[in-house]
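Colleague: Sending over a structure as structure tokens; questions will come in a sec.
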Amino acid sequence: MKLKLNKKGAMLIAGVMSLTTLPTLASSNGLLGLNLTQVVTTADVSELTTSLGLPDVPVVDSILKMDNEILIQGGEIKVLRELIEKVGGLVTHELPLVGGIGVRVSDLQLAVLQKLPSSLIKITKNDAVFTSSALDHCSVYGSHVVDLTANKIRWNLYNAKDMQANAEEMTFTWPERLGNVRSVKFNGRLVYWSLFGRQNGELTLDANSLKRYANLDAYESATVEVSFTRYGADNYNQGDFSMDVEFAQGCDRSLVKGYDTQANSEDSNSYYVNNIGADELHDNGITGKDVTVAVIDSGLWAAHSALNKNTANRSRISAAYDALEDTEVKTSNMTDENSHGTHITGIIANSDRAVVDGQMRSYYQGVAPDANLVVVKAFYEDGHSTYLDALRALQYIADNHKALNIRVVNLSFGAPPRSNYWDDPINQAVMALWEQDVVVVTSAGNTGPSAMTIGVPANVPYVISVGAISDNYTQDNPNDDTLLSFSSQGPTHEAFIKPDMVAPGGHMFSLANEDMYVPSKFPQYMVGKDRFIMSGTSQASGVVSGVVALMLQNDPSLSANDVKCRLMSSTTMAQVNGKLAYSPFQQGSGSVNAVKAVESSESGCANNGMDIAADLSGEQHYMGAARKDENGNYYIKGFEFAVWEEAFMWEEAFMWEEAFMWEEAFMWEEAFMWEEAFMWEEAFMWEEAFMWEEAFMWEEAFMWEEAHMNQENFMLQE
């Protein structure tokens, strides 16, 4: 992926210069035993390239040939710069937070650097990072609101992938008072017609009926229209109907039940504020006041008053920084071409009052409507970034968190794990922030429901990683809330239980406008002029970041570990008939509760047995308590639970058993090396340990039969 150079990048061409001839070395072996400073001052690169069988490095190498973007770690920034001056290259990023620099080098320059001993420098490719996360494997979406008129119901579909989607089966149900289905049309083409058929409120069309016309071309939309023999469809709510379509590509889509008021453009539909109890806290003056939340994302629609002003109509954006261009931005000039950053920040801090059934309420649409904001743009219009730009964004937080009083940082982005958690540069930066008592909240990722799908940086054991649930469109009934199937699941590759908790992330109303990239692609999710609907763990992460702001307003003395402890000890685990509805690898410690989190007095129950400073220095690494038995079932070593307040609680208030030291027995260096494709080898067997009680052995998908997964597949996942 090409790095987009900024204006300052052109000033950093000092690295492209002639090489200094210094005392020679017979080969790279001559560097062994030297530190990086000694190498920089003694190595003759010209002779080194010859001894390695490489051609001479040109005196001046064209910038056009420098198409390798890498991170180099291993010493002081000054020394690393001197190394690049010697070898040749262009320094693009200075990242003292992880002891590294970002550079662009040619193939030959990269070859020279790669021949240096790994004990001196570490080279990491500048891989892509995405807002959490891209569309699911199916990538066919249905509109949020159906059209009910007279004797017809219409539902829109959109194919968001680059290949045709072919419908194999469609099933419809409807109120029997509407009679029978007269016809079904797919984009105006008749796929079913009956004059006298009697369906008794249900109809299924198979592949033979659909194969000719029920196809969606790449990036095309279609309308499914069902007409009935009787009139009065507009007297019903869309929850009275169901329309399901299965595609040959192995996915299916279902008509959303929908809130009765969801089509009312006057309603805010910020249901998540009520579901987590934040509305009660708002009424008691707990609104995130004087707490600063930083959001690293695609930017912000800073011109929107609900974002740039708090509930007292006072400006609250403390700073804005563009990590892509490496420039400070006037807060009022910050923009968001994608919409993701605006959507997440709106969930955290929208200061407009909630509106239900057309009536303004006393509470607000954002979880922490008075929180101060620091906006860091690190993602391009299409939702991608790179390791180096994400690291520069994290570097900005590290450099300014004290001056700007940043207590919380929201990271709703991710990438596939490519190494152990402690070797990943983004994870190293996140751990360094946590060590400085900045509470880091991350999205678990949208790559579920398979096990071991937690991404970077959610796989960092110290931070707060959040999965997503849906209220199933029944705001007043928490008993039918469901886990969203795309929500990534643990354990991590180092056996840690993730996500740490779950929060509302389905059909989330928040701010955006139709000119932004994502809403322009999915206009059916726009409601009014400034609200947009998305689902994902990104949104769930925003909810928890808002809750953390409420907690810190109530008790500013809390450490990052205390925040995590109180959050996890105040959650509620889903259960069905007295049993866990989902495993801890799916729901973590359970669903977040803002009131209980704020009122909690727990301490000392998070990240026990781990020394983050030793972890960062490389002195000690850790593994979690997850294990895998001979039948492929995952379980948790030493897990005990008890029923308390009608919810399953971890023993001693969710105190995970202290993390295991990464001792010789757990050094997976041989059995767990990353392959070239960055996949763990199949030899993924953990130490044998205590089994779950017989009733708590999960199947591969970790689902109890009594529970169900909510695909939320009609929603755009971001």
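Naming scheme: A, B, ... for chains in displayed order of the structure tokens; residues 1 onward per chain; ligands 1 onward as shown.
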Neighbouring residues of Glu76 (chain A) were defined as those with any atom within 9 Å, considering only C-alpha atoms; residues of the same chain fewer than 4 positions away were excluded. Please report them as a list of chain:residue names.

Modeller: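 Listing them by chain and then by number gives A:Thr37, A:Leu80, A:Arg81, A:Pro96, A:Gly99, A:Gly100.
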
Colleague: Of the candidates A:Ser305, A:Thr311, A:Ser569, A:Asn269, which one gets nearest to Met508 (chain A) if we count only C-alpha atoms?

Modeller: A:Asn269

Colleague: I'd like the neighbourhood of region 545-550 of chain A as a count of residues only, where a residue qualifies if any of its atoms comes within 9 Å (using only C-alpha atoms), though same-chain residues fewer than 4 positions away should be ignored.

Modeller: 40

Colleague: Please extract the residues of region 283-482 of chain A with a backbone DSSP assignment of strand (DSSP E) and present them as a VMD selection string.

Modeller: chain A and resid 292 to 297 317 to 322 327 to 329 353 to 356 359 to 364 372 to 377 384 to 386 406 to 411 413 to 414 439 to 443 464 to 470 482

Colleague: May I have all residues of region 276-514 of chain A that DSSP, computed from the backbone, assigns to alpha helix (DSSP H), given as a count of residues only?

Modeller: 45

Colleague: Take CA of Thr474 (chain A) and CA of Gly277 (chain A) and report the distance between them in Å, one decimal.

Modeller: 15.3 Å

Colleague: Could you give me, as a short mmCIF file (atom, residue, chain, number, x, y, z; two decimals) with N, CA and C atoms, in the first residue's frame, the residues within 9 Å of Ser488 (chain A), counting only C-alpha atoms and dropping anything in the same chain fewer than 2 positions from it?

Modeller:
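Final output, saved to out30.cif:
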data_model
loop_
_atom_site.label_atom_id
_atom_site.label_comp_id
_atom_site.auth_asym_id
_atom_site.auth_seq_id
_atom_site.Cartn_x
_atom_site.Cartn_y
_atom_site.Cartn_z
N ALA A 444 -13.66 -5.09 19.29
CA ALA A 444 -13.17 -6.47 19.16
C ALA A 444 -12.95 -6.85 17.70
N GLY A 445 -13.72 -6.24 16.80
CA GLY A 445 -13.64 -6.57 15.38
C GLY A 445 -14.93 -7.20 14.89
N ASN A 446 -15.15 -7.16 13.59
CA ASN A 446 -16.38 -7.67 12.99
C ASN A 446 -16.12 -8.91 12.15
N THR A 447 -15.21 -9.77 12.59
CA THR A 447 -14.82 -10.93 11.79
C THR A 447 -15.31 -12.24 12.39
N GLY A 448 -16.28 -12.19 13.34
CA GLY A 448 -16.85 -13.41 13.92
C GLY A 448 -17.75 -14.10 12.91
N PRO A 449 -18.36 -15.24 13.30
CA PRO A 449 -18.43 -15.75 14.66
C PRO A 449 -17.39 -16.82 15.02
N SER A 450 -16.41 -17.05 14.18
CA SER A 450 -15.43 -18.10 14.49
C SER A 450 -14.59 -17.73 15.70
N ALA A 451 -14.03 -18.74 16.34
CA ALA A 451 -13.13 -18.51 17.45
C ALA A 451 -11.83 -17.90 16.96
N MET A 452 -11.11 -17.25 17.88
CA MET A 452 -9.79 -16.69 17.61
C MET A 452 -9.81 -15.67 16.46
N THR A 453 -10.81 -14.82 16.46
CA THR A 453 -10.92 -13.79 15.43
C THR A 453 -10.71 -12.38 15.99
N ILE A 454 -10.26 -12.26 17.22
CA ILE A 454 -9.96 -10.96 17.82
C ILE A 454 -8.76 -10.35 17.10
N GLY A 455 -8.88 -9.09 16.70
CA GLY A 455 -7.82 -8.44 15.93
C GLY A 455 -6.91 -7.58 16.78
N GLY A 467 -17.13 -6.34 22.41
CA GLY A 467 -17.95 -6.99 21.40
C GLY A 467 -19.31 -6.33 21.31
N ALA A 468 -20.16 -6.81 20.38
CA ALA A 468 -21.42 -6.10 20.09
C ALA A 468 -22.64 -7.00 20.29
N SER A 485 -23.68 -11.80 15.40
CA SER A 485 -22.83 -12.90 14.95
C SER A 485 -21.50 -12.44 14.37
N PHE A 486 -21.44 -11.22 13.84
CA PHE A 486 -20.18 -10.76 13.27
C PHE A 486 -19.18 -10.33 14.33
N GLY A 490 -12.99 -14.68 21.04
CA GLY A 490 -11.73 -15.19 21.52
C GLY A 490 -11.71 -16.71 21.49
N LYS A 498 -11.11 -12.85 25.41
CA LYS A 498 -11.58 -11.62 24.79
C LYS A 498 -12.87 -11.93 24.04
N PRO A 499 -13.78 -10.96 23.86
CA PRO A 499 -13.69 -9.58 24.34
C PRO A 499 -13.83 -9.52 25.86
N THR A 537 -18.90 -3.58 16.08
CA THR A 537 -18.19 -3.46 17.35
C THR A 537 -17.56 -2.08 17.50
N GLN A 586 -17.29 -15.25 23.85
CA GLN A 586 -18.20 -14.45 23.03
C GLN A 586 -18.60 -13.16 23.73
#

Colleague: For Val146 (chain A), list every protein, DNA or RNA residue within 8 Å, evaluated using only C-alpha atoms, and leave out those in the same chain fewer than 5 positions away; present the list as a PyMOL selection string.

Modeller: chain A and resi 153-156+238

Colleague: Show me, as a list in words, the residues that have an atom within 6 Å of Val355 (chain A) when counting only C-alpha atoms, minus same-chain residues fewer than 3 positions from it.

Modeller: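 These residues fall inside the cut-off: Asp267, Ser268, Gly358, Gln359, Met360 and Arg361 of chain A.
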
Colleague: Kindly save the residues from that selection, with N, CA, C and O atoms included, as a short mmCIF file (atom, residue, chain, number, x, y, z; two decimals), in the first residue's frame.

Modeller:
data_model
loop_
_atom_site.label_atom_id
_atom_site.label_comp_id
_atom_site.auth_asym_id
_atom_site.auth_seq_id
_atom_site.Cartn_x
_atom_site.Cartn_y
_atom_site.Cartn_z
N ASP A 267 -37.68 11.25 15.68
CA ASP A 267 -37.18 10.48 16.81
C ASP A 267 -35.68 10.25 16.67
O ASP A 267 -35.17 9.98 15.58
N SER A 268 -34.97 10.32 17.80
CA SER A 268 -33.51 10.14 17.76
C SER A 268 -33.12 8.67 17.73
O SER A 268 -32.06 8.32 17.21
N GLY A 358 -41.63 11.72 19.25
CA GLY A 358 -41.78 13.13 18.95
C GLY A 358 -41.61 14.05 20.14
O GLY A 358 -41.72 15.27 19.99
N GLN A 359 -41.32 13.49 21.32
CA GLN A 359 -41.19 14.30 22.53
C GLN A 359 -39.73 14.37 22.98
O GLN A 359 -39.04 13.36 23.07
N MET A 360 -39.25 15.59 23.28
CA MET A 360 -37.88 15.76 23.78
C MET A 360 -37.80 15.26 25.21
O MET A 360 -38.66 15.55 26.04
N ARG A 361 -36.73 14.49 25.49
CA ARG A 361 -36.56 13.91 26.82
C ARG A 361 -35.48 14.65 27.61
O ARG A 361 -34.75 15.49 27.08
#

Colleague: Could you state the separation of CA of Asn166 (chain A) and CA of Arg253 (chain A) in Å, given to one decimal place?

Modeller: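 So the answer is 12.3 Å.
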
Colleague: Tell me which protein, DNA and RNA residues are within 12 Å of Gly75 (chain A), counting only C-alpha atoms, leaving out same-chain ones fewer than 4 positions away, and put them as a ChimeraX atom specification.

Modeller: /A:35-40,79-83,95-101,119-122

Colleague: Provide the CA of Asp107 (chain A) to CA of Asp67 (chain A) distance in Å, to one decimal place.

Modeller: 7.7 Å
